[in-house]
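The structure file coords-v4.txt is reproduced below (compact mmCIF, C-alpha atoms).
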# COMPACT_ATOMS: atom_id res chain seq x y z
CA MET U 1 0.00 0.00 0.00
CA ASN U 2 1.25 3.41 -0.88
CA THR U 3 1.99 5.48 2.26
CA ARG U 4 0.54 8.62 0.77
CA TYR U 5 -2.95 7.16 1.39
CA LEU U 6 -2.34 6.57 5.11
CA PRO U 7 -3.64 10.02 6.20
CA LEU U 8 -6.79 9.47 4.13
CA VAL U 9 -7.36 6.01 5.63
CA GLY U 10 -6.70 7.41 9.12
CA PHE U 11 -9.15 10.23 8.56
CA GLY U 12 -11.79 7.77 7.33
CA LEU U 13 -11.41 5.61 10.43
CA VAL U 14 -11.65 8.60 12.77
CA ALA U 15 -14.72 9.90 10.92
CA ALA U 16 -16.42 6.49 11.12
CA LEU U 17 -15.68 6.21 14.84
CA LEU U 18 -17.00 9.72 15.45
CA ALA U 19 -20.20 9.02 13.49
CA PHE U 20 -20.78 5.80 15.44
CA GLY U 21 -20.24 7.61 18.75
CA ILE U 22 -22.64 10.42 17.88
CA HIS U 23 -25.27 7.92 16.72
CA TYR U 24 -24.88 5.88 19.91
CA MET U 25 -25.06 8.94 22.18
CA ARG U 26 -28.10 10.32 20.42
CA ASN U 27 -30.02 7.05 20.49
CA ASN U 28 -28.96 5.50 23.78
CA SER U 29 -26.96 6.94 26.59
CA MET U 30 -28.36 10.47 26.70
CA ASN U 31 -31.93 9.26 27.05
CA GLU U 32 -31.40 6.13 29.10
CA VAL U 33 -29.63 7.50 32.14
CA PRO U 34 -31.07 5.44 34.97
CA SER U 35 -32.89 7.48 37.57
CA PRO U 36 -32.66 6.58 41.24
CA LEU U 37 -36.19 7.95 41.55
CA ILE U 38 -37.86 5.20 39.50
CA GLY U 39 -40.06 3.23 41.90
CA LYS U 40 -39.84 5.92 44.57
CA ALA U 41 -42.14 8.75 45.62
CA ALA U 42 -41.93 11.85 43.48
CA PRO U 43 -40.17 14.68 45.31
CA ALA U 44 -42.51 17.03 47.12
CA PHE U 45 -43.20 20.26 45.31
CA ASP U 46 -45.34 23.33 45.83
CA LEU U 47 -44.89 25.75 42.94
CA PRO U 48 -46.74 28.79 41.59
CA LEU U 49 -48.82 28.55 38.45
CA LEU U 50 -47.09 30.12 35.46
CA ASN U 51 -49.80 32.66 34.66
CA ASP U 52 -51.21 33.10 38.15
CA PRO U 53 -48.34 33.15 40.66
CA GLY U 54 -50.80 33.78 43.49
CA LYS U 55 -52.07 30.22 43.02
CA ARG U 56 -49.94 27.17 43.66
CA LEU U 57 -49.95 23.48 42.81
CA SER U 58 -48.36 20.78 44.92
CA ASN U 59 -47.91 17.08 44.48
CA ALA U 60 -50.46 16.69 47.31
CA ASP U 61 -53.03 18.33 44.99
CA LEU U 62 -52.37 15.58 42.45
CA ALA U 63 -52.63 12.66 44.89
CA GLY U 64 -54.78 9.79 43.71
CA GLN U 65 -54.36 10.39 40.00
CA PRO U 66 -51.57 9.53 37.59
CA TYR U 67 -49.98 12.37 35.66
CA LEU U 68 -47.16 13.16 33.28
CA LEU U 69 -44.83 15.91 34.49
CA ASN U 70 -43.21 17.49 31.43
CA VAL U 71 -40.21 19.77 31.95
CA PHE U 72 -40.00 22.45 29.25
CA ALA U 73 -38.68 25.96 28.64
CA SER U 74 -39.01 28.62 25.97
CA TRP U 75 -35.23 28.57 25.46
CA CYS U 76 -35.20 24.80 24.82
CA PHE U 77 -34.77 23.87 21.16
CA ALA U 78 -35.62 20.18 21.69
CA CYS U 79 -38.87 21.24 23.37
CA ARG U 80 -39.96 22.62 20.00
CA ASP U 81 -39.48 19.15 18.49
CA GLU U 82 -41.46 17.50 21.28
CA HIS U 83 -44.27 20.03 21.51
CA PRO U 84 -46.28 19.01 18.40
CA ILE U 85 -46.42 15.44 19.77
CA LEU U 86 -47.78 16.68 23.08
CA MET U 87 -50.29 18.87 21.23
CA SER U 88 -51.59 16.08 19.01
CA GLU U 89 -51.32 13.07 21.33
CA GLY U 90 -51.18 14.43 24.88
CA ARG U 91 -54.89 14.52 25.64
CA LYS U 92 -55.28 11.00 24.23
CA LEU U 93 -53.17 9.67 27.09
CA GLY U 94 -56.15 10.09 29.40
CA ILE U 95 -54.10 11.61 32.22
CA PRO U 96 -53.23 15.21 33.04
CA ILE U 97 -50.01 16.57 31.61
CA ILE U 98 -48.47 18.99 34.07
CA GLY U 99 -46.22 21.53 32.42
CA PHE U 100 -43.10 22.17 34.50
CA ASN U 101 -41.59 25.41 33.25
CA TYR U 102 -37.89 25.27 34.06
CA LYS U 103 -35.62 28.28 34.69
CA ASP U 104 -37.63 30.50 32.40
CA GLU U 105 -39.09 33.99 32.44
CA ALA U 106 -42.88 33.95 32.80
CA ALA U 107 -43.41 36.28 29.84
CA ASP U 108 -41.18 34.15 27.59
CA ALA U 109 -42.91 30.91 28.60
CA THR U 110 -46.37 32.43 28.16
CA ARG U 111 -45.48 33.78 24.73
CA TRP U 112 -44.02 30.38 23.76
CA LEU U 113 -47.23 28.57 24.78
CA GLN U 114 -49.34 31.13 22.90
CA GLN U 115 -47.22 30.63 19.80
CA PHE U 116 -47.01 26.82 19.81
CA GLY U 117 -50.15 25.87 21.78
CA ASP U 118 -50.77 24.67 25.32
CA PRO U 119 -51.12 20.89 25.76
CA TYR U 120 -50.96 21.11 29.56
CA SER U 121 -53.69 20.72 32.16
CA VAL U 122 -51.79 23.25 34.24
CA VAL U 123 -48.33 24.84 34.08
CA ILE U 124 -46.18 25.35 37.16
CA ALA U 125 -43.05 27.46 37.24
CA ASP U 126 -39.70 26.51 38.79
CA ARG U 127 -37.87 29.75 38.06
CA ASP U 128 -34.76 29.04 40.11
CA GLY U 129 -34.62 25.31 39.34
CA ARG U 130 -34.56 24.15 42.97
CA ILE U 131 -37.39 21.64 42.62
CA ALA U 132 -35.88 20.40 39.35
CA ILE U 133 -32.76 19.48 41.32
CA ASP U 134 -34.88 17.26 43.57
CA PHE U 135 -36.19 15.48 40.45
CA GLY U 136 -32.67 15.07 39.08
CA VAL U 137 -33.44 17.16 36.01
CA TYR U 138 -30.49 17.50 33.64
CA GLY U 139 -32.24 20.00 31.38
CA ALA U 140 -35.30 20.33 29.21
CA PRO U 141 -37.16 18.45 27.93
CA GLU U 142 -37.58 15.70 30.47
CA SER U 143 -40.72 13.86 31.47
CA PHE U 144 -41.81 11.87 34.51
CA LEU U 145 -44.74 9.45 34.58
CA VAL U 146 -46.15 9.42 38.12
CA ASP U 147 -48.79 6.94 39.25
CA GLY U 148 -51.80 7.66 41.45
CA LYS U 149 -49.80 6.82 44.57
CA GLY U 150 -47.21 9.46 43.70
CA ILE U 151 -44.56 6.93 42.60
CA ILE U 152 -42.36 7.77 39.61
CA ARG U 153 -42.74 4.93 37.11
CA TYR U 154 -40.80 6.32 34.15
CA LYS U 155 -38.36 9.09 33.34
CA ARG U 156 -37.54 10.30 29.85
CA ILE U 157 -34.54 12.52 29.23
CA GLY U 158 -35.04 14.26 25.92
CA ALA U 159 -37.98 14.81 23.64
CA ILE U 160 -40.96 12.50 23.54
CA THR U 161 -41.18 11.21 19.97
CA PRO U 162 -43.98 9.18 18.37
CA GLU U 163 -41.84 6.05 18.94
CA ILE U 164 -41.24 6.86 22.60
CA LEU U 165 -44.93 7.54 23.04
CA ALA U 166 -45.96 4.28 21.39
CA PHE U 167 -43.31 1.91 22.71
CA GLU U 168 -42.37 3.31 26.12
CA LEU U 169 -44.89 5.74 27.56
CA LYS U 170 -48.20 4.16 26.54
CA PRO U 171 -47.20 0.61 27.61
CA ARG U 172 -46.11 1.90 31.02
CA LEU U 173 -49.34 3.84 31.37
CA ALA U 174 -51.36 0.74 30.42
CA ALA U 175 -49.45 -1.35 32.97
CA MET U 176 -50.18 1.25 35.64
CA GLN U 177 -53.87 1.17 34.81
CA GLU U 178 -53.92 -2.64 34.98
CA GLU U 179 -52.35 -2.55 38.43
CA ASN U 180 -54.81 0.07 39.70
CA PRO U 181 -58.05 -0.22 37.72

How would this structure read if it were set down as structure tokens?
Amino acid sequence: MNTRYLPLVGFGLVAALLAFGIHYMRNNSMNEVPSPLIGKAAPAFDLPLLNDPGKRLSNADLAGQPYLLNVFASWCFACRDEHPILMSEGRKLGIPIIGFNYKDEAADATRWLQQFGDPYSVVIADRDGRIAIDFGVYGAPESFLVDGKGIIRYKRIGAITPEILAFELKPRLAAMQEENP
């Protein structure tokens, strides 16, 4: 083999390795970080409503019903990818979707929901991110499926896609409903 092709072969190998790593990270490790909260009670929270800070919502207010807690922010680009799925499929889940606005300005979040639509039953605001720390939030979007007993059954890091909805979220929701008809 002619040695003048060695840099080209080396570059090709490095490029292939990089492409594999990016593909693996995007499809596996970033979204499948195990949460120590799975199977445990959701952290207690008591947060103001986004558009009515005088009113608050706590996990005690949600006791007895399953819900999906969806962490989002107006500054989150991946939230824009996820949002149409929540708009079209969210209400079909048959459980409330609680919007958890994360480290965002109220005016920005309100404008974002007006622009893209509001799939949430209610939106709470964690402006300083302290409650998000208790949930182990890495960033937005993230979602937590909580059963009627307040136990976290599923955590999704990253956007909910049609595949995630069909093959992960809906089966877990169905299993929860079978356990507690």

Counting all atoms listed in the file, which residue out of U:Glu178, U:Arg111, U:Gly148, U:Glu82 sits closest to Glu163 in chain U?
U:Glu82

Residue nearest Lys40 in chain U among U:Ile152, U:Leu62, U:Ala125, U:Val146 (counting only C-alpha atoms)
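Once distances to Lys40 in chain U are computed over only C-alpha atoms, the minimum belongs to U:Ile152.
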
Just give me the gap between CA of Leu113 in chain U and CA of Leu68 in chain U in Å, one decimal is fine.
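A separation of 17.6 Å between them.
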
Given only C-alpha atoms as the counted atoms, nearest of U:Asp126, U:Asp108, U:Asp147, U:Asp118 to Leu47 in chain U
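Among the listed residues, U:Asp126 lies closest to Leu47 in chain U.
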
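Considering only C-alpha atoms, the residue among U:Tyr67, U:Ala132, U:Lys55, U:Trp75 positioned nearest to Tyr154 in chain U is U:Tyr67.
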
Students should find that CA of Ala109 in chain U and CA of Leu50 in chain U are spaced 8.1 Å

Using CA of Val71 in chain U and CA of Pro48 in chain U as the two end points, give the distance in Å to one decimal.
14.7 Å

Select, from U:Ser121, U:Ser74, U:Asn51, U:Ser88, the residue with the minimum atom-to-atom distance to Asp104 in chain U, counting only C-alpha atoms.
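Of the candidates, the smallest distance to Asp104 in chain U is held by U:Ser74.
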
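Residues of protein, DNA or RNA having at least one counted atom within 7 Å of (-31.1, 13.3, 34.9), given all atoms listed in the file, are Val33, Ser35, Gly136, Val137, Tyr138 and Ile157 of chain U.
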